[in-house]
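File shown here: run17.cif, holding mmCIF, C-alpha atoms.
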data_structure
loop_
_atom_site.label_atom_id
_atom_site.label_comp_id
_atom_site.auth_asym_id
_atom_site.auth_seq_id
_atom_site.Cartn_x
_atom_site.Cartn_y
_atom_site.Cartn_z
CA MET S 186 -5.24 0.82 -2.74
CA SER S 187 -6.95 0.01 0.55
CA THR S 188 -8.47 3.47 0.82
CA THR S 189 -9.71 3.34 -2.76
CA ARG S 190 -11.44 -0.04 -2.37
CA ARG S 191 -13.04 0.70 0.98
CA GLY S 192 -14.06 4.18 -0.10
CA ALA S 193 -15.76 2.77 -3.18
CA LEU S 194 -17.65 0.27 -1.06
CA THR S 195 -19.00 2.79 1.40
CA ALA S 196 -19.63 5.86 -0.74
CA GLY S 197 -22.79 4.68 -2.44
CA ALA S 198 -24.08 2.86 0.61
CA GLY S 199 -23.52 5.86 2.84
CA ALA S 200 -25.56 8.14 0.59
CA ALA S 201 -28.37 5.60 0.44
CA LEU S 202 -28.38 5.24 4.21
CA LEU S 203 -29.06 8.95 4.54
CA LEU S 204 -32.09 8.48 2.29
CA ALA S 205 -33.28 5.60 4.44
CA LEU S 206 -33.01 7.65 7.59
CA ALA S 207 -35.04 10.33 5.89
CA GLY S 208 -37.74 7.76 5.15
CA ARG S 209 -37.31 7.84 1.40
CA ALA S 210 -35.56 4.54 0.64
CA HIS S 211 -37.67 1.70 -0.71
CA ALA S 212 -37.30 -1.73 -2.23
CA GLY S 213 -38.41 -0.41 -5.62
CA PRO S 214 -38.07 -2.69 -8.63
CA ALA S 215 -36.01 -5.22 -6.67
CA ASP S 216 -39.05 -6.31 -4.65
CA ARG S 217 -40.53 -9.37 -6.39
CA SER S 218 -41.12 -11.43 -3.27
CA ALA S 219 -44.24 -12.30 -1.29
CA GLY S 220 -44.78 -14.05 2.02
CA PRO S 221 -43.30 -13.44 5.45
CA ARG S 222 -40.38 -11.06 5.77
CA LEU S 223 -37.98 -9.48 8.18
CA ARG S 224 -36.29 -6.10 7.87
CA VAL S 225 -32.66 -5.42 8.72
CA ALA S 226 -31.29 -1.91 9.25
CA PRO S 227 -27.81 -1.04 10.53
CA ASP S 228 -29.19 1.88 12.55
CA GLY S 229 -31.40 -0.43 14.61
CA SER S 230 -34.70 0.71 13.09
CA GLY S 231 -35.53 -2.72 11.62
CA ASP S 232 -36.36 -6.07 13.17
CA PHE S 233 -32.64 -6.73 13.42
CA ALA S 234 -29.40 -4.79 13.01
CA THR S 235 -27.36 -7.57 11.40
CA VAL S 236 -28.02 -9.92 8.51
CA GLN S 237 -26.95 -12.97 10.52
CA GLU S 238 -29.50 -12.26 13.27
CA ALA S 239 -32.26 -12.13 10.67
CA VAL S 240 -31.11 -15.34 8.98
CA ASP S 241 -31.07 -17.12 12.35
CA ALA S 242 -34.61 -15.90 13.07
CA THR S 243 -36.16 -17.46 9.96
CA PRO S 244 -37.60 -20.98 10.26
CA ASP S 245 -35.94 -24.08 8.86
CA ARG S 246 -37.44 -25.51 5.65
CA PRO S 247 -40.49 -23.21 5.74
CA ALA S 248 -43.66 -24.04 3.82
CA THR S 249 -43.65 -20.44 2.55
CA PRO S 250 -40.29 -18.87 1.61
CA TRP S 251 -39.09 -15.96 3.71
CA THR S 252 -37.57 -12.66 2.60
CA ILE S 253 -35.00 -10.58 4.46
CA ALA S 254 -35.14 -6.98 3.26
CA LEU S 255 -31.94 -5.04 3.88
CA ALA S 256 -32.10 -1.30 4.40
CA PRO S 257 -29.39 0.60 2.50
CA GLY S 258 -26.06 0.62 4.29
CA VAL S 259 -22.84 -1.27 4.91
CA TYR S 260 -23.12 -4.52 6.86
CA ARG S 261 -19.60 -5.44 8.05
CA GLU S 262 -20.07 -9.01 9.14
CA THR S 263 -19.77 -12.59 8.00
CA VAL S 264 -23.00 -14.40 7.21
CA GLN S 265 -23.65 -18.14 7.33
CA ILE S 266 -26.89 -19.28 5.67
CA PRO S 267 -27.46 -22.94 6.55
CA GLU S 268 -28.78 -25.58 4.20
CA SER S 269 -32.04 -25.64 6.20
CA LYS S 270 -33.00 -22.05 5.18
CA THR S 271 -34.52 -23.19 1.89
CA GLY S 272 -36.12 -20.62 -0.41
CA LEU S 273 -34.65 -17.65 1.45
CA THR S 274 -34.37 -14.29 -0.35
CA LEU S 275 -32.04 -11.42 0.52
CA LEU S 276 -33.42 -8.20 -0.95
CA GLY S 277 -31.43 -5.02 -1.41
CA GLY S 278 -32.96 -1.83 -0.07
CA THR S 279 -33.05 0.07 -3.38
CA GLY S 280 -32.81 -0.66 -7.08
CA ASP S 281 -29.03 -0.11 -6.96
CA PRO S 282 -26.79 -2.87 -5.54
CA ARG S 283 -24.15 -0.29 -4.61
CA ASP S 284 -26.48 0.96 -1.87
CA THR S 285 -26.55 -2.29 0.11
CA VAL S 286 -23.19 -3.90 0.91
CA ILE S 287 -22.28 -6.99 2.93
CA VAL S 288 -18.52 -6.97 3.46
CA HIS S 289 -15.78 -8.48 5.59
CA ASP S 290 -12.02 -8.96 5.34
CA ASN S 291 -10.89 -12.51 6.06
CA ALA S 292 -8.43 -14.31 3.80
CA ALA S 293 -7.53 -17.98 3.58
CA GLY S 294 -4.32 -17.26 5.49
CA THR S 295 -5.94 -15.12 8.19
CA PRO S 296 -5.47 -16.73 11.64
CA ARG S 297 -8.67 -17.73 13.40
CA PRO S 298 -9.21 -15.87 16.69
CA ASP S 299 -9.38 -19.12 18.66
CA GLY S 300 -5.90 -20.17 17.53
CA SER S 301 -7.19 -23.24 15.67
CA GLY S 302 -5.39 -22.35 12.44
CA THR S 303 -6.28 -20.21 9.46
CA TYR S 304 -9.63 -19.76 7.78
CA GLY S 305 -8.80 -21.48 4.49
CA THR S 306 -10.43 -20.52 1.23
CA SER S 307 -13.99 -21.54 2.08
CA GLY S 308 -13.74 -20.15 5.58
CA SER S 309 -12.68 -16.75 4.26
CA ALA S 310 -16.07 -16.12 2.64
CA THR S 311 -17.97 -13.03 3.71
CA VAL S 312 -21.24 -14.84 2.92
CA THR S 313 -21.74 -18.60 2.70
CA ALA S 314 -25.08 -19.62 1.17
CA ARG S 315 -25.82 -23.35 1.40
CA PRO S 316 -29.60 -23.72 0.87
CA ASP S 317 -31.48 -24.67 -2.26
CA GLY S 318 -33.71 -21.98 -3.71
CA PHE S 319 -31.61 -19.09 -2.42
CA THR S 320 -32.14 -15.69 -4.07
CA ALA S 321 -30.31 -12.38 -3.77
CA ARG S 322 -31.39 -9.22 -5.57
CA ARG S 323 -29.49 -5.97 -5.93
CA ILE S 324 -26.91 -6.53 -3.19
CA THR S 325 -23.13 -6.12 -3.16
CA PHE S 326 -21.14 -9.01 -1.66
CA ALA S 327 -17.55 -8.01 -0.96
CA ASN S 328 -14.32 -9.10 0.62
CA ASP S 329 -12.02 -6.11 1.06
CA TRP S 330 -8.98 -8.00 2.34
CA LEU S 331 -5.94 -6.68 0.48
CA ARG S 332 -2.52 -8.22 -0.03
CA ALA S 333 -0.83 -4.83 0.46
CA ASP S 334 -2.30 -4.53 3.95
CA HIS S 335 -1.00 -7.95 5.02
CA PRO S 336 2.62 -8.52 3.93
CA GLU S 337 2.90 -11.13 6.68
CA ILE S 338 0.55 -13.42 4.67
CA THR S 339 2.43 -14.67 1.63
CA GLY S 340 0.29 -17.76 1.06
CA GLY S 341 -3.44 -18.07 1.52
CA THR S 342 -4.31 -14.80 -0.23
CA GLN S 343 -7.66 -16.15 -1.41
CA ALA S 344 -10.43 -13.94 -0.04
CA VAL S 345 -13.95 -15.00 -1.02
CA ALA S 346 -16.85 -12.54 -1.18
CA ILE S 347 -19.49 -15.26 -1.40
CA LYS S 348 -19.56 -19.03 -1.57
CA VAL S 349 -22.88 -20.30 -2.93
CA MET S 350 -23.61 -24.03 -2.94
CA GLY S 351 -27.35 -24.58 -3.35
CA ASP S 352 -29.38 -25.68 -6.36
CA ARG S 353 -31.65 -23.07 -7.97
CA SER S 354 -29.60 -20.16 -6.61
CA LEU S 355 -30.45 -16.85 -8.26
CA PHE S 356 -28.45 -13.62 -8.18
CA ASP S 357 -30.25 -10.77 -9.90
CA ARG S 358 -28.25 -7.58 -10.54
CA CYS S 359 -25.80 -8.21 -7.73
CA ARG S 360 -22.14 -7.18 -7.41
CA PHE S 361 -19.23 -9.34 -6.23
CA LEU S 362 -16.09 -7.45 -5.21
CA GLY S 363 -12.73 -8.89 -4.27
CA HIS S 364 -9.38 -9.88 -5.70
CA GLN S 365 -8.45 -13.58 -5.57
CA ASP S 366 -11.33 -16.08 -5.54
CA THR S 367 -14.08 -13.46 -5.36
CA LEU S 368 -17.09 -15.57 -6.43
CA TYR S 369 -17.13 -19.22 -5.42
CA ALA S 370 -19.94 -20.85 -7.40
CA ASP S 371 -19.86 -24.35 -5.97
CA THR S 372 -21.97 -27.25 -4.68
CA ARG S 373 -22.48 -28.74 -1.23
CA HIS S 374 -20.88 -32.02 -2.30
CA VAL S 375 -19.01 -33.35 -5.31
CA SER S 376 -21.91 -35.74 -6.04
CA LEU S 377 -24.51 -32.95 -6.22
CA THR S 378 -25.47 -30.66 -9.10
CA ALA S 379 -26.20 -27.05 -8.18
CA ARG S 380 -27.78 -24.86 -10.87
CA GLN S 381 -27.03 -21.19 -10.36
CA PHE S 382 -28.11 -18.19 -12.42
CA PHE S 383 -26.29 -14.85 -12.34
CA HIS S 384 -28.38 -12.27 -14.17
CA ARG S 385 -26.88 -8.92 -15.13
CA CYS S 386 -24.38 -9.11 -12.30
CA TYR S 387 -20.93 -7.55 -11.90
CA ALA S 388 -17.89 -9.44 -10.62
CA GLU S 389 -14.32 -8.20 -10.32
CA GLY S 390 -11.01 -9.61 -9.23
CA ASP S 391 -7.67 -10.93 -10.36
CA VAL S 392 -6.74 -14.59 -9.69
CA ASP S 393 -9.44 -17.20 -10.49
CA PHE S 394 -12.10 -14.76 -9.37
CA VAL S 395 -15.03 -16.89 -10.64
CA PHE S 396 -14.42 -20.50 -9.65
CA GLY S 397 -15.99 -23.74 -8.44
CA ARG S 398 -17.97 -26.77 -9.61
CA ALA S 399 -21.53 -25.42 -9.92
CA THR S 400 -23.59 -25.54 -13.10
CA ALA S 401 -23.58 -21.77 -13.37
CA VAL S 402 -24.98 -19.47 -16.04
CA PHE S 403 -23.64 -15.92 -16.22
CA ASN S 404 -26.14 -14.04 -18.33
CA GLY S 405 -25.49 -10.46 -19.39
CA CYS S 406 -22.85 -9.99 -16.68
CA GLU S 407 -19.76 -7.78 -16.55
CA LEU S 408 -16.54 -9.47 -15.44
CA ARG S 409 -13.77 -6.99 -14.70
CA THR S 410 -10.08 -7.82 -14.34
CA LEU S 411 -8.17 -5.52 -12.01
CA ASP S 412 -4.79 -3.89 -12.37
CA ARG S 413 -2.01 -5.22 -10.13
CA ASP S 414 1.38 -3.90 -9.06
CA VAL S 415 3.30 -6.99 -10.19
CA ASP S 416 6.14 -7.66 -12.62
CA PHE S 417 4.78 -10.84 -14.21
CA THR S 418 2.04 -11.97 -16.54
CA PRO S 419 -0.55 -13.23 -16.56
CA TYR S 420 -1.88 -11.09 -13.75
CA GLY S 421 -4.59 -13.67 -13.25
CA PHE S 422 -7.56 -15.56 -14.66
CA VAL S 423 -11.27 -14.81 -14.92
CA PHE S 424 -12.64 -18.36 -14.64
CA ALA S 425 -11.36 -21.49 -12.88
CA PRO S 426 -14.12 -24.12 -13.17
CA SER S 427 -13.79 -27.42 -11.29
CA THR S 428 -16.79 -29.27 -12.73
CA ALA S 429 -17.22 -32.73 -11.20
CA ALA S 430 -16.98 -35.72 -13.53
CA GLY S 431 -20.62 -36.67 -12.96
CA THR S 432 -21.95 -33.18 -13.74
CA ARG S 433 -23.12 -32.61 -17.31
CA TYR S 434 -22.56 -28.85 -17.50
CA GLY S 435 -20.10 -26.46 -15.90
CA TYR S 436 -19.89 -22.69 -16.46
CA LEU S 437 -21.66 -20.82 -19.25
CA ALA S 438 -21.03 -17.12 -19.88
CA ARG S 439 -23.54 -15.74 -22.36
CA ARG S 440 -23.76 -12.18 -23.65
CA CYS S 441 -21.27 -11.00 -21.05
CA ARG S 442 -18.59 -8.31 -21.13
CA VAL S 443 -15.03 -8.91 -19.95
CA THR S 444 -13.55 -5.50 -19.14
CA THR S 445 -10.32 -4.43 -17.46
CA THR S 446 -8.41 -1.78 -15.59
CA ALA S 447 -5.16 -3.63 -16.38
CA PRO S 448 -2.83 -3.39 -19.40
CA ALA S 449 -3.77 -5.09 -22.63
CA GLY S 450 -3.24 -8.85 -22.66
CA ALA S 451 -2.46 -9.06 -18.93
CA TYR S 452 -5.10 -11.72 -18.19
CA LYS S 453 -6.06 -15.20 -19.33
CA LEU S 454 -9.72 -16.00 -19.77
CA ALA S 455 -9.57 -19.25 -17.81
CA ARG S 456 -7.65 -22.21 -16.47
CA PRO S 457 -9.00 -25.57 -15.29
CA TRP S 458 -9.05 -26.31 -11.57
CA VAL S 459 -8.69 -29.96 -10.60
CA PRO S 460 -8.79 -29.90 -6.79
CA SER S 461 -6.70 -32.35 -4.79
CA SER S 462 -9.98 -33.43 -3.17
CA ASP S 463 -11.43 -34.34 -6.58
CA PRO S 464 -8.68 -35.50 -8.95
CA GLY S 465 -11.33 -36.80 -11.37
CA ALA S 466 -12.84 -33.33 -11.97
CA ARG S 467 -13.62 -32.41 -15.57
CA PRO S 468 -13.63 -28.59 -15.72
CA SER S 469 -16.03 -27.18 -18.30
CA LEU S 470 -16.46 -23.62 -19.57
CA VAL S 471 -18.33 -22.11 -22.52
CA VAL S 472 -18.07 -18.41 -23.33
CA ARG S 473 -20.42 -17.36 -26.11
CA GLU S 474 -21.78 -14.20 -27.72
CA SER S 475 -19.68 -12.12 -25.36
CA LEU S 476 -17.49 -9.04 -25.68
CA LEU S 477 -13.91 -9.77 -24.66
CA GLY S 478 -11.92 -6.59 -24.10
CA ASP S 479 -8.22 -6.08 -24.67
CA GLY S 480 -7.35 -7.18 -21.14
CA ILE S 481 -7.53 -10.81 -22.34
CA ASP S 482 -4.51 -12.41 -23.99
CA ALA S 483 -6.11 -13.16 -27.36
CA ALA S 484 -3.22 -15.29 -28.63
CA ARG S 485 -3.32 -17.70 -25.68
CA PRO S 486 -6.45 -17.11 -23.57
CA TYR S 487 -6.14 -20.37 -21.60
CA ALA S 488 -3.45 -21.79 -19.33
CA ASN S 489 -2.86 -24.72 -17.01
CA MET S 490 -3.20 -24.56 -13.25
CA ARG S 491 -1.17 -27.75 -12.94
CA GLU S 492 0.89 -29.22 -15.75
CA GLN S 493 -0.53 -32.71 -15.20
CA TYR S 494 -3.98 -31.32 -16.09
CA PRO S 495 -3.55 -29.40 -19.38
CA TRP S 496 -6.46 -27.22 -20.36
CA GLN S 497 -6.71 -28.91 -23.77
CA GLY S 498 -7.96 -32.04 -22.04
CA PHE S 499 -11.12 -30.32 -20.80
CA PHE S 500 -14.20 -28.78 -22.38
CA PHE S 501 -13.18 -25.15 -22.94
CA ARG S 502 -15.12 -23.69 -25.85
CA GLU S 503 -16.13 -20.34 -27.37
CA HIS S 504 -18.82 -19.26 -29.78
CA ALA S 505 -19.54 -15.99 -31.60
CA ASN S 506 -17.51 -13.78 -29.29
CA ARG S 507 -16.23 -10.38 -30.35
CA GLY S 508 -13.78 -7.69 -29.28
CA PRO S 509 -9.97 -7.51 -29.24
CA GLY S 510 -9.70 -10.24 -26.63
CA ALA S 511 -11.63 -12.63 -28.89
CA ALA S 512 -9.37 -12.37 -31.95
CA VAL S 513 -8.27 -15.77 -33.25
CA ALA S 514 -4.61 -16.05 -34.22
CA ASP S 515 -4.24 -19.82 -33.77
CA PRO S 516 -7.50 -21.83 -33.81
CA ALA S 517 -5.85 -24.52 -31.69
CA GLU S 518 -5.59 -22.03 -28.84
CA ARG S 519 -9.31 -21.14 -29.04
CA PRO S 520 -11.53 -24.22 -29.54
CA ARG S 521 -14.96 -23.40 -30.96
CA LEU S 522 -18.34 -24.99 -30.41
CA THR S 523 -19.63 -27.03 -33.30
CA ALA S 524 -23.13 -26.20 -34.56
CA ALA S 525 -24.53 -29.13 -32.59
CA GLU S 526 -22.71 -28.06 -29.43
CA ALA S 527 -23.90 -24.46 -29.82
CA ALA S 528 -27.49 -25.69 -29.86
CA GLU S 529 -26.87 -27.64 -26.65
CA HIS S 530 -24.93 -25.12 -24.56
CA THR S 531 -27.69 -22.65 -23.77
CA PRO S 532 -29.08 -21.28 -20.51
CA ALA S 533 -32.21 -23.41 -20.90
CA ALA S 534 -30.15 -26.58 -21.24
CA TYR S 535 -28.02 -25.75 -18.20
CA LEU S 536 -30.97 -24.80 -16.01
CA GLY S 537 -33.25 -27.67 -17.03
CA ASP S 538 -36.76 -27.39 -15.60
CA TRP S 539 -35.89 -24.28 -13.56
CA ARG S 540 -36.85 -20.87 -14.95
CA PRO S 541 -35.57 -18.08 -12.67
CA ALA S 542 -37.82 -15.04 -12.27
CA VAL S 543 -35.87 -12.01 -13.55
CA ASP S 544 -36.74 -8.80 -15.35
#

Can I see the file as structure tokens?
Amino acid sequence: MSTTRRGALTAGAGAALLLALAGRAHAGPADRSAGPRLRVAPDGSGDFATVQEAVDATPDRPATPWTIALAPGVYRETVQIPESKTGLTLLGGTGDPRDTVIVHDNAAGTPRPDGSGTYGTSGSATVTARPDGFTARRITFANDWLRADHPEITGGTQAVAIKVMGDRSLFDRCRFLGHQDTLYADTRHVSLTARQFFHRCYAEGDVDFVFGRATAVFNGCELRTLDRDVDFTPYGFVFAPSTAAGTRYGYLARRCRVTTTAPAGAYKLARPWVPSSDPGARPSLVVRESLLGDGIDAARPYANMREQYPWQGFFFREHANRGPGAAVADPAERPRLTAAEAAEHTPAAYLGDWRPAVD
């Protein structure tokens, strides 16, 4: 399993790096940015060789947003993007996100090198993006930590590819690869609303692999559930929203595809996450006009994370979905939007006055 995942990460990026060295790689259709920019290349031919060095070199709260253009290749590092780097864009080196990969392999239970404990879920993230106005285009964010490689870690198997916390965060044709807790769409604080737009992205994983309290729209995305060598079901869950009580909207998946490499019915679509740090959370999820493959348990697509917080007590709704995973056997197990709710739960309503620039 380890060889397969790491080989898949590096194969496309390695081929693209050869093109870059030959002088033929270019930003192509991903390049929508203007203003000052820095170039990062793993072979040392850019302004910097690592993404973190380039992030650190950009000014805080600039009057004109900066762009960091990444040459094709694999960047094995962790990246911290502070709240002060407002308006920053990370731009993939070609039109294909498989060519530009930021990856690391920490898990929540991985010991910190300084002996101060383990990383925890948030600390495991390969990339942490805190600023408002953050944009990423055509980049792969990955965490290739694998349970099979670390039998000594039986708890703390969360391994985040990216944690994004800022308002007006845009991900355009990006990929998010991992297993448990791959994509952490969150906010900087429980009292803040963070609107995030994922446009034609791809995310894969197994347990709660899209989770957090952001107001996040997944538009035209593919969400893939992975096979697991386990003897229980469900194998995992696609969504685990933790919407704060004061936030109007949670997660919206519109015109998405939920695909699988696992057996039919092995996955639930979602479960509500009420964190111990926010017992008043009101998880919210709407999945509409989407194709749900046979990997989803159609009879009972939702489950509880904790019995004291049953999913029926939260706003979990569907509308106009199709596919074998969307079949309705018992309407009580699959609440539907009313006509009035369907008119309200749209990308425009979730994003408010923000209109992300996408093709």

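What separates atom CA of Pro282 of chain S from atom CA of Phe394 of chain S is a distance of 19.3 Å.
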
### Task
Could you check how far atom CA of Arg521 of chain S sits from atom CA of Arg456 of chain S, in Å to one decimal?
16.3 Å

### Closest of S:Leu536, S:Gly305, S:Ala254, S:Val395 to Pro221 of chain S - atom-to-atom distances counting all atoms listed in the file
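Comparing S:Leu536, S:Gly305, S:Ala254, S:Val395 against Pro221 of chain S, the winner is S:Ala254.
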
### Message
Give me, as a PyMOL selection string, all polymer residues having an atom no more than 9 Å from segment 325-335 of chain S, counting all atoms listed in the file and skipping those fewer than 4 positions away in the same chain.
### Response
chain S and resi 186-187+190-191+194+277+282-292+309-312+339+342+344-347+359-364+367

### Task
Step by step, work through what the PyMOL selection byres ((chain S and resi 375) around 12) selects in the shown file, and finish by giving those residues as a list of chain:residue names.
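Here the PyMOL selection byres ((chain S and resi 375) around 12) matches S:Met350, S:Asp371, S:Thr372, S:Arg373, S:His374, S:Ser376, S:Leu377, S:Thr378, S:Ala379, S:Gly397, S:Arg398, S:Ala399, S:Thr400, S:Ser427, S:Thr428, S:Ala429, S:Ala430, S:Gly431, S:Thr432, S:Pro460, S:Ser462, S:Asp463, S:Pro464, S:Gly465, S:Ala466, S:Arg467.
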